[in-house]
Structures are given as structure tokens and as C-alpha cells.
>>> print(open('work30.cif').read())   # mmCIF, C-alpha atoms
data_query
#
loop_
_atom_site.label_atom_id
_atom_site.label_comp_id
_atom_site.auth_asym_id
_atom_site.auth_seq_id
_atom_site.Cartn_x
_atom_site.Cartn_y
_atom_site.Cartn_z
CA PRO N 1 -45.91 -242.39 -114.45
CA PRO N 2 -42.86 -242.10 -116.72
CA ALA N 3 -39.82 -240.26 -115.39
CA GLY N 4 -39.68 -236.58 -116.27
CA SER N 5 -43.40 -236.31 -117.00
CA GLN N 6 -45.46 -233.54 -115.44
CA GLN N 7 -47.87 -234.68 -112.74
CA VAL N 8 -51.04 -232.73 -111.91
CA PHE N 9 -52.71 -233.07 -108.50
CA GLU N 10 -56.21 -232.04 -107.61
CA PRO N 11 -56.73 -229.75 -104.58
CA PHE N 12 -58.42 -232.51 -102.58
CA GLU N 13 -55.40 -234.77 -103.15
CA VAL N 14 -53.03 -232.16 -101.77
CA ALA N 15 -55.31 -231.48 -98.77
CA SER N 16 -55.60 -235.16 -97.94
CA GLY N 17 -51.85 -235.46 -97.38
CA LYS N 18 -51.35 -238.25 -99.91
CA VAL N 19 -49.05 -236.10 -102.04
CA ALA N 20 -46.86 -235.28 -99.06
CA GLU N 21 -46.74 -238.94 -98.06
CA SER N 22 -45.50 -239.91 -101.52
CA LEU N 23 -42.74 -237.28 -101.35
CA TYR N 24 -41.59 -237.48 -97.74
CA GLY N 25 -42.84 -240.85 -96.52
CA LYS N 26 -45.79 -241.83 -94.39
CA ASP N 27 -43.96 -242.33 -91.09
CA GLU N 28 -42.02 -239.05 -90.99
CA PRO N 29 -42.93 -236.94 -87.91
CA PRO N 30 -44.37 -233.49 -88.65
CA LEU N 31 -41.63 -231.72 -86.65
CA VAL N 32 -37.95 -232.67 -86.98
CA LEU N 33 -35.28 -230.88 -84.93
CA LEU N 34 -32.28 -229.56 -86.90
CA GLY N 35 -30.33 -227.77 -84.16
CA PHE N 36 -30.12 -224.69 -81.95
CA ARG N 37 -29.09 -221.10 -82.56
CA PRO N 38 -28.83 -217.95 -80.40
CA THR N 39 -32.07 -216.03 -79.99
CA GLU N 40 -30.47 -213.00 -81.68
CA ALA N 41 -30.39 -214.95 -84.96
CA LEU N 42 -34.19 -214.67 -85.22
CA LYS N 43 -34.64 -211.25 -86.83
CA PRO N 44 -38.05 -209.51 -86.96
CA HIS N 45 -38.09 -209.38 -90.77
CA LEU N 46 -37.86 -213.20 -90.92
CA ASN N 47 -41.39 -213.56 -89.53
CA VAL N 48 -43.21 -213.97 -92.84
CA LYS N 49 -46.64 -214.92 -91.46
CA PRO N 50 -48.40 -215.25 -88.08
CA ALA N 51 -46.71 -217.72 -85.79
CA THR N 52 -48.32 -220.77 -84.19
CA PHE N 53 -48.11 -221.53 -80.49
CA LEU N 54 -47.30 -225.10 -79.44
CA GLU N 55 -48.23 -226.13 -75.91
CA PRO N 56 -46.98 -229.48 -74.58
CA SER N 57 -49.50 -232.21 -73.87
CA GLU N 58 -49.15 -235.64 -72.29
CA THR N 59 -49.37 -237.67 -75.52
CA ALA N 60 -46.66 -239.97 -74.16
CA ALA N 61 -45.50 -240.63 -70.63
CA GLY N 62 -43.13 -237.84 -69.53
CA SER N 63 -43.53 -235.73 -72.70
CA THR N 64 -44.92 -232.71 -70.85
CA VAL N 65 -42.10 -232.70 -68.29
CA ALA N 66 -39.50 -233.08 -71.04
CA ALA N 67 -40.98 -230.19 -73.07
CA ARG N 68 -41.11 -227.89 -70.04
CA ALA N 69 -37.51 -228.74 -69.18
CA LEU N 70 -36.48 -227.94 -72.76
CA VAL N 71 -38.31 -224.60 -72.61
CA GLU N 72 -36.60 -223.64 -69.34
CA SER N 73 -33.16 -224.65 -70.61
CA MET N 74 -33.51 -222.80 -73.94
CA ALA N 75 -34.90 -219.67 -72.27
CA ALA N 76 -32.09 -219.66 -69.69
CA LYS N 77 -29.38 -220.06 -72.34
CA GLY N 78 -30.97 -217.68 -74.85
CA ARG N 79 -31.47 -220.26 -77.60
CA ILE N 80 -34.02 -220.99 -80.29
CA ALA N 81 -34.52 -224.30 -82.08
CA LEU N 82 -34.51 -224.70 -85.85
CA ALA N 83 -36.72 -227.45 -87.19
CA ARG N 84 -38.32 -228.90 -90.30
CA PHE N 85 -42.10 -228.68 -90.15
CA ARG N 86 -44.55 -230.40 -92.45
CA ARG N 87 -48.31 -230.69 -92.18
CA GLN N 88 -50.34 -231.78 -95.21
CA GLY N 89 -48.00 -230.13 -97.67
CA ALA N 90 -44.44 -229.18 -98.48
CA ALA N 91 -41.81 -228.90 -95.77
CA GLN N 92 -41.19 -225.54 -94.11
CA LEU N 93 -38.26 -224.32 -92.07
CA VAL N 94 -39.41 -222.99 -88.69
CA ALA N 95 -37.91 -221.55 -85.52
CA LEU N 96 -39.13 -222.57 -82.06
CA LEU N 97 -39.04 -219.61 -79.68
CA PRO N 98 -39.44 -220.74 -76.05
CA GLN N 99 -41.94 -219.10 -73.70
CA ARG N 100 -41.84 -219.70 -69.96
CA ARG N 101 -44.99 -220.05 -67.92
CA GLU N 102 -46.04 -216.86 -66.15
CA SER N 103 -48.60 -216.77 -63.37
CA ASP N 104 -51.05 -214.02 -62.58
CA PRO N 105 -49.56 -211.82 -59.82
CA ARG N 106 -52.95 -211.65 -58.10
CA ASP N 107 -53.49 -215.42 -58.18
CA PRO N 108 -50.47 -217.69 -58.70
CA ALA N 109 -52.76 -220.59 -59.57
CA VAL N 110 -53.97 -218.76 -62.70
CA THR N 111 -51.73 -219.02 -65.78
CA LYS N 112 -51.09 -215.70 -67.48
CA LEU N 113 -48.76 -217.06 -70.19
CA PRO N 114 -48.59 -220.82 -70.84
CA CYS N 115 -45.39 -222.78 -71.23
CA GLY N 116 -44.57 -223.73 -74.80
CA PHE N 117 -43.00 -222.69 -78.11
CA HIS N 118 -43.84 -220.05 -80.67
CA LEU N 119 -43.48 -221.77 -84.04
CA VAL N 120 -42.16 -219.02 -86.34
CA TYR N 121 -42.27 -219.77 -90.08
CA LEU N 122 -38.98 -218.88 -91.79
CA PRO N 123 -38.60 -217.85 -95.45
CA PHE N 124 -36.47 -219.73 -97.94
CA ALA N 125 -33.46 -218.10 -99.57
CA ASN N 126 -35.23 -217.42 -102.87
CA ALA N 127 -38.10 -215.69 -101.02
CA VAL N 128 -35.86 -213.03 -99.44
CA ARG N 129 -35.51 -209.86 -101.49
CA LYS N 130 -32.08 -208.30 -101.83
CA PRO N 131 -32.71 -204.93 -103.49
CA GLU N 132 -29.82 -203.04 -105.02
CA LEU N 133 -29.43 -199.88 -102.98
CA PRO N 134 -27.86 -196.74 -104.43
CA PRO N 135 -24.37 -195.85 -103.19
CA THR N 136 -24.21 -193.94 -99.94
CA LEU N 137 -23.61 -190.21 -100.36
CA GLU N 138 -20.59 -189.04 -98.44
CA PRO N 139 -20.33 -185.49 -97.00
CA GLY N 140 -17.68 -184.71 -99.61
CA ALA N 141 -20.18 -185.31 -102.42
CA PHE N 142 -21.85 -181.95 -101.73
CA SER N 143 -20.38 -178.56 -102.47
CA ALA N 144 -20.11 -175.80 -99.89
CA PRO N 145 -22.95 -173.73 -101.47
CA GLN N 146 -25.26 -176.77 -101.42
CA LEU N 147 -24.57 -177.44 -97.73
CA GLU N 148 -25.10 -173.80 -96.86
CA ALA N 149 -28.36 -173.67 -98.82
CA THR N 150 -29.56 -176.79 -96.99
CA ARG N 151 -28.71 -175.32 -93.58
CA ARG N 152 -30.58 -172.11 -94.41
CA LEU N 153 -33.62 -174.08 -95.62
CA VAL N 154 -33.84 -176.15 -92.42
CA GLN N 155 -33.22 -173.09 -90.26
CA HIS N 156 -35.92 -170.94 -91.85
CA LEU N 157 -38.52 -173.73 -92.15
CA THR N 158 -38.20 -175.00 -88.58
CA LEU N 159 -41.58 -174.59 -86.91
CA PRO N 160 -41.58 -172.27 -83.88
CA GLU N 161 -41.88 -173.81 -80.43
CA GLY N 162 -44.95 -171.76 -79.53
CA GLY N 163 -46.64 -172.23 -82.89
CA ALA N 164 -49.12 -174.79 -84.12
CA GLN N 165 -48.52 -178.31 -82.88
CA LEU N 166 -48.77 -180.67 -85.87
CA VAL N 167 -47.55 -183.96 -84.40
CA ALA N 168 -50.60 -186.00 -83.30
CA ALA N 169 -52.57 -182.76 -82.90
CA VAL N 170 -54.26 -182.32 -86.30
CA PRO N 171 -57.77 -183.80 -86.66
CA ASN N 172 -58.59 -185.84 -89.75
CA PRO N 173 -60.37 -183.37 -92.08
CA ALA N 174 -62.28 -186.14 -93.88
CA SER N 175 -63.61 -187.52 -90.59
CA GLU N 176 -64.51 -184.03 -89.36
CA ALA N 177 -66.52 -183.32 -92.51
CA HIS N 178 -68.22 -186.73 -92.29
CA PHE N 179 -69.33 -186.23 -88.68
CA ARG N 180 -70.57 -182.72 -89.36
CA VAL N 181 -72.78 -184.02 -92.15
CA ILE N 182 -74.15 -186.68 -89.78
CA GLU N 183 -74.71 -184.05 -87.09
CA GLN N 184 -76.55 -181.83 -89.54
CA ALA N 185 -78.79 -184.69 -90.59
CA ALA N 186 -79.42 -185.73 -86.96
CA PHE N 187 -80.61 -182.28 -85.97
CA SER N 188 -82.82 -182.09 -89.10
CA GLU N 189 -81.26 -178.87 -90.23
CA GLY N 190 -81.96 -179.74 -93.84
CA ALA N 191 -79.70 -179.87 -96.86
CA SER N 192 -80.34 -176.20 -97.59
CA SER N 193 -78.51 -175.00 -94.47
CA ALA N 194 -74.88 -174.09 -94.92
CA LEU N 195 -72.40 -176.67 -93.65
CA GLN N 196 -69.66 -175.27 -91.45
CA GLN N 197 -66.34 -175.26 -93.27
CA VAL N 198 -63.81 -177.78 -91.97
CA LYS N 199 -60.30 -176.48 -91.39
CA ASP N 200 -57.74 -178.74 -93.02
CA GLY N 201 -54.66 -178.75 -90.79
CA THR N 202 -52.60 -180.60 -93.40
CA VAL N 203 -52.62 -177.62 -95.79
CA PRO N 204 -49.37 -175.57 -95.61
CA ASP N 205 -49.61 -172.13 -94.06
CA ALA N 206 -49.23 -169.88 -97.11
CA ALA N 207 -48.73 -166.72 -95.03
CA TRP N 208 -45.95 -168.31 -92.96
CA LEU N 209 -44.20 -169.81 -96.01
CA GLY N 210 -44.60 -166.59 -97.98
CA GLU N 211 -42.33 -164.51 -95.75
CA PRO N 212 -39.35 -163.11 -97.72
CA SER N 213 -36.68 -164.96 -95.72
CA ARG N 214 -38.35 -168.32 -96.25
CA VAL N 215 -39.01 -167.66 -99.94
CA GLN N 216 -35.33 -166.83 -100.40
CA SER N 217 -34.16 -169.95 -98.57
CA ILE N 218 -36.44 -172.16 -100.68
CA GLY N 219 -35.29 -170.51 -103.89
CA GLY N 220 -31.64 -170.79 -102.88
CA PHE N 221 -32.04 -174.50 -102.13
CA ILE N 222 -33.68 -175.13 -105.52
CA ALA N 223 -30.99 -173.19 -107.36
CA ALA N 224 -28.13 -174.89 -105.48
CA PHE N 225 -29.27 -178.40 -106.46
CA GLY N 226 -30.62 -177.53 -109.91
CA VAL N 227 -34.13 -178.89 -109.34
CA ALA N 228 -36.00 -175.81 -110.54
CA GLN N 229 -37.76 -177.81 -113.26
CA ALA N 230 -39.23 -180.23 -110.70
CA VAL N 231 -40.93 -177.52 -108.64
CA GLY N 232 -44.68 -177.59 -109.10
CA SER N 233 -44.63 -180.84 -111.08
CA GLY N 234 -46.52 -182.71 -108.37
CA GLY N 235 -48.68 -179.88 -107.10
CA GLY N 236 -52.08 -178.73 -108.13
CA GLY N 237 -50.90 -175.50 -109.73
CA GLY N 238 -49.34 -177.05 -112.82
CA GLU N 239 -51.03 -177.82 -116.06
CA ARG N 240 -53.07 -180.99 -116.06
CA ALA N 241 -52.49 -183.70 -118.60
CA PRO N 242 -55.15 -183.85 -121.30
CA LYS N 243 -57.91 -186.30 -120.51
CA ARG N 244 -57.74 -189.41 -122.67
CA LEU N 245 -60.89 -189.99 -124.67
CA LYS N 246 -62.72 -193.26 -124.16
CA ALA N 247 -62.37 -195.55 -127.15
CA SER N 248 -65.55 -196.76 -128.81
CA VAL N 249 -66.23 -200.50 -128.63
CA PRO N 250 -65.96 -202.26 -132.01
CA THR N 251 -69.20 -203.86 -133.19
CA SER N 252 -67.94 -206.01 -136.07
CA ALA N 253 -65.01 -208.22 -136.97
CA ALA N 254 -63.75 -205.62 -139.46
CA GLU N 255 -63.66 -202.92 -136.76
CA TRP N 256 -61.79 -205.27 -134.42
CA SER N 257 -59.22 -205.94 -137.14
CA GLN N 258 -58.77 -202.23 -137.86
CA MET N 259 -58.28 -201.46 -134.16
CA GLN N 260 -55.75 -204.28 -133.81
CA ALA N 261 -53.80 -203.09 -136.87
CA ALA N 262 -53.72 -199.55 -135.47
CA GLY N 263 -52.40 -200.79 -132.10
CA ARG N 264 -55.35 -199.36 -130.18
CA LEU N 265 -56.52 -202.46 -128.31
CA ALA N 266 -54.89 -201.10 -125.14
CA GLU N 267 -57.46 -198.31 -125.12
CA LEU N 268 -60.23 -200.80 -124.37
CA SER N 269 -61.06 -201.94 -120.86
CA ALA N 270 -60.33 -205.44 -119.61
CA THR N 271 -64.08 -206.15 -119.38
CA VAL N 272 -64.59 -205.40 -123.07
CA LEU N 273 -61.62 -207.55 -124.12
CA LYS N 274 -62.80 -210.49 -121.99
CA GLU N 275 -66.28 -210.25 -123.47
CA TYR N 276 -64.82 -210.33 -126.99
CA LEU N 277 -62.66 -213.39 -126.25
CA ARG N 278 -65.71 -215.34 -125.12
#
>>> encode(input="work30.cif", output="C-alpha cells")
Amino acid sequence: PPAGSQQVFEPFEVASGKVAESLYGKDEPPLVLLGFRPTEALKPHLNVKPATFLEPSETAAGSTVAARALVESMAAKGRIALARFRRQGAAQLVALLPQRRESDPRDPAVTKLPCGFHLVYLPFANAVRKPELPPTLEPGAFSAPQLEATRRLVQHLTLPEGGAQLVAAVPNPASEAHFRVIEQAAFSEGASSALQQVKDGTVPDAAWLGEPSRVQSIGGFIAAFGVAQAVGSGGGGGERAPKRLKASVPTSAAEWSQMQAAGRLAELSATVLKEYLR
């Protein structure tokens, strides 16, 4: 093919490995060692997909002994290996994390963890996101009234020690309602019988929050930071946005043209637009 021209490969060509052979050569080994790094260099967020475990096998004389010696040496020195890995596709940077063999304490002849390497796939530089974080707020960025209002809010809204335990103690209200419906149907109580009301533990305690001291602390916090307009914007007590009417589907070319000229094609669903393009 001429230089600079775009080449298109079929999926079966990529899967067969012929494309990789033309790019990297036929005799290149699938795993090429690049060097060693401390184990601390392998951060948890660099594990972009499930790792693969490599266990040594006697493909060549002495290969198993050499691999086990390498595992023991790397584990003792706290090192990982960086390598170039390719298998029927583009090359991928990987890290080899050593794992020593562990025997079952009850029977030393039984292997609990085999000896080998965890092949961890590493991301490329252009695949790592570097979001722009807002500047850190220093303590001096807040005024004395704002800090005092925040202290009062936390103090008055701290749950009592002997009160309701919310952490890992609230049942799922949706699951509770589901099982009660199943129980009612199992006992053949009939749909006419009243279903016992499920108590939703995620709903705030209006009586506890409505005490004057807590109402004052909440109001003082809102006034100190000037967020009074945001209160109630996400709750259910505010006014709901008007429901958008469903646009009628055009039935002729003239109606389609009129809708396009009016800029109302976005009101139609994707299914309707796909059907029209056919």
C-alpha cells in the first residue's frame, strides 16, 4: 500500500495476530523485561483491569527453577518487574508482582497460593485523567461568624449517643416492602387486605430537627454563607418544573421541513429520528 494511506483491517485479521506480526515482527516474544522498580511504585489506581496470574512451567530445562528463584529474590527485595506484553494485538505495559508459594497450615503438601507473578496491566500516559481541582480553602478564607455558625450547626445536629443508631442499622425500605408483599401473597391474605406500612429509616426526623435550637442553628448557617436561595431547591417541597409536552410525529415531508426550520427536532425521540433516516 502507498505510504500515508489509511489501512483497514477486518476483526478476524486482528484476532489472527497477522496485524501484530506485521507491526512488531513474528519472532518477538510476548513478554519483554524492561527493568525493576520498588513495589511501592505500583499504586492501586494504576490497576485498570483484572490482572492475570502467570505460573511457571517447565517449557525449557530449568525454566521453573529460574522463575521461582526470581520470585523469591523480587519478593525479598520488595521489587516489581516492568515489562512489555503483547498477545494478538498492540503492546501493553505491565507490571509483574511476585507471589511466593504458601502451603496449607494443615497439610504442607497442599499448595494454598502458587508461586508466580500477577501480571498487572498499566495505563498509558494519555489514559490517565488529571482533573483540575479547585484551590484548597485555607482557614483564613472564612470569617469568624461563618466559623461560629458552622460550629453551632455541627453541635446542634450531632446525633445523641443513646438515640437511633443509623450506621449499618437501618433496613432497606424497598426490600422490606418487597418482602412484605411476598409474605402477604404467600399467606393468601388477598390484595384487599391492608399492607403494613414500612418505616423508612432514611427519612429525617422532623420532630427532632424542628426543635427551636436546631432551627436557629440551621438558619444561622444559611444566613452566614448566603445560601438561602438554594434551600429547598433539591427537595420535594419546591415547585416542580412544568412537564414538557410530547411532540407529535411529522407524517409528511412538509411537516418535517417545518419542524426542522423551527428547531424542534430535538423534541423527537431517537427512535423516531432513526426511523425517518431509514
>>> atom_distance(input="work30.cif", atom1="CA of Phe85 in chain N", atom2="CA of Val32 in chain N")
6.6 Å
>>> atom_distance(input="work30.cif", atom1="CA of Asp200 in chain N", atom2="CA of Ala168 in chain N")
14.1 Å
>>> atom_distance(input="work30.cif", atom1="CA of Leu70 in chain N", atom2="CA of Pro38 in chain N")
14.7 Å
>>> residues_around(input="work30.cif", residues="Phe124 in chain N", least_positions_apart="3", cutoff="9 Å", atoms="only C-alpha atoms", output="list in words")
Gln92, Leu93, Ala127 and Val128 of chain N
>>> residues_around(input="work30.cif", residues="Leu166 in chain N", least_positions_apart="6", cutoff="10 Å", atoms="only C-alpha atoms", output="list in words")
Leu159, Gly201 and Thr202 of chain N
>>> residues_around(input="work30.cif", residues="His178 in chain N", least_positions_apart="6", cutoff="12 Å", atoms="all atoms listed in the file", output="list in words")
Asn172, Gln184, Ala185, Leu195, Gln196, Gln197 and Val198 of chain N
>>> closest_residue(input="work30.cif", among="N:Gly116, N:Pro173, N:Pro204, N:Pro212", to="His156 in chain N", atoms="all atoms listed in the file")
N:Pro212
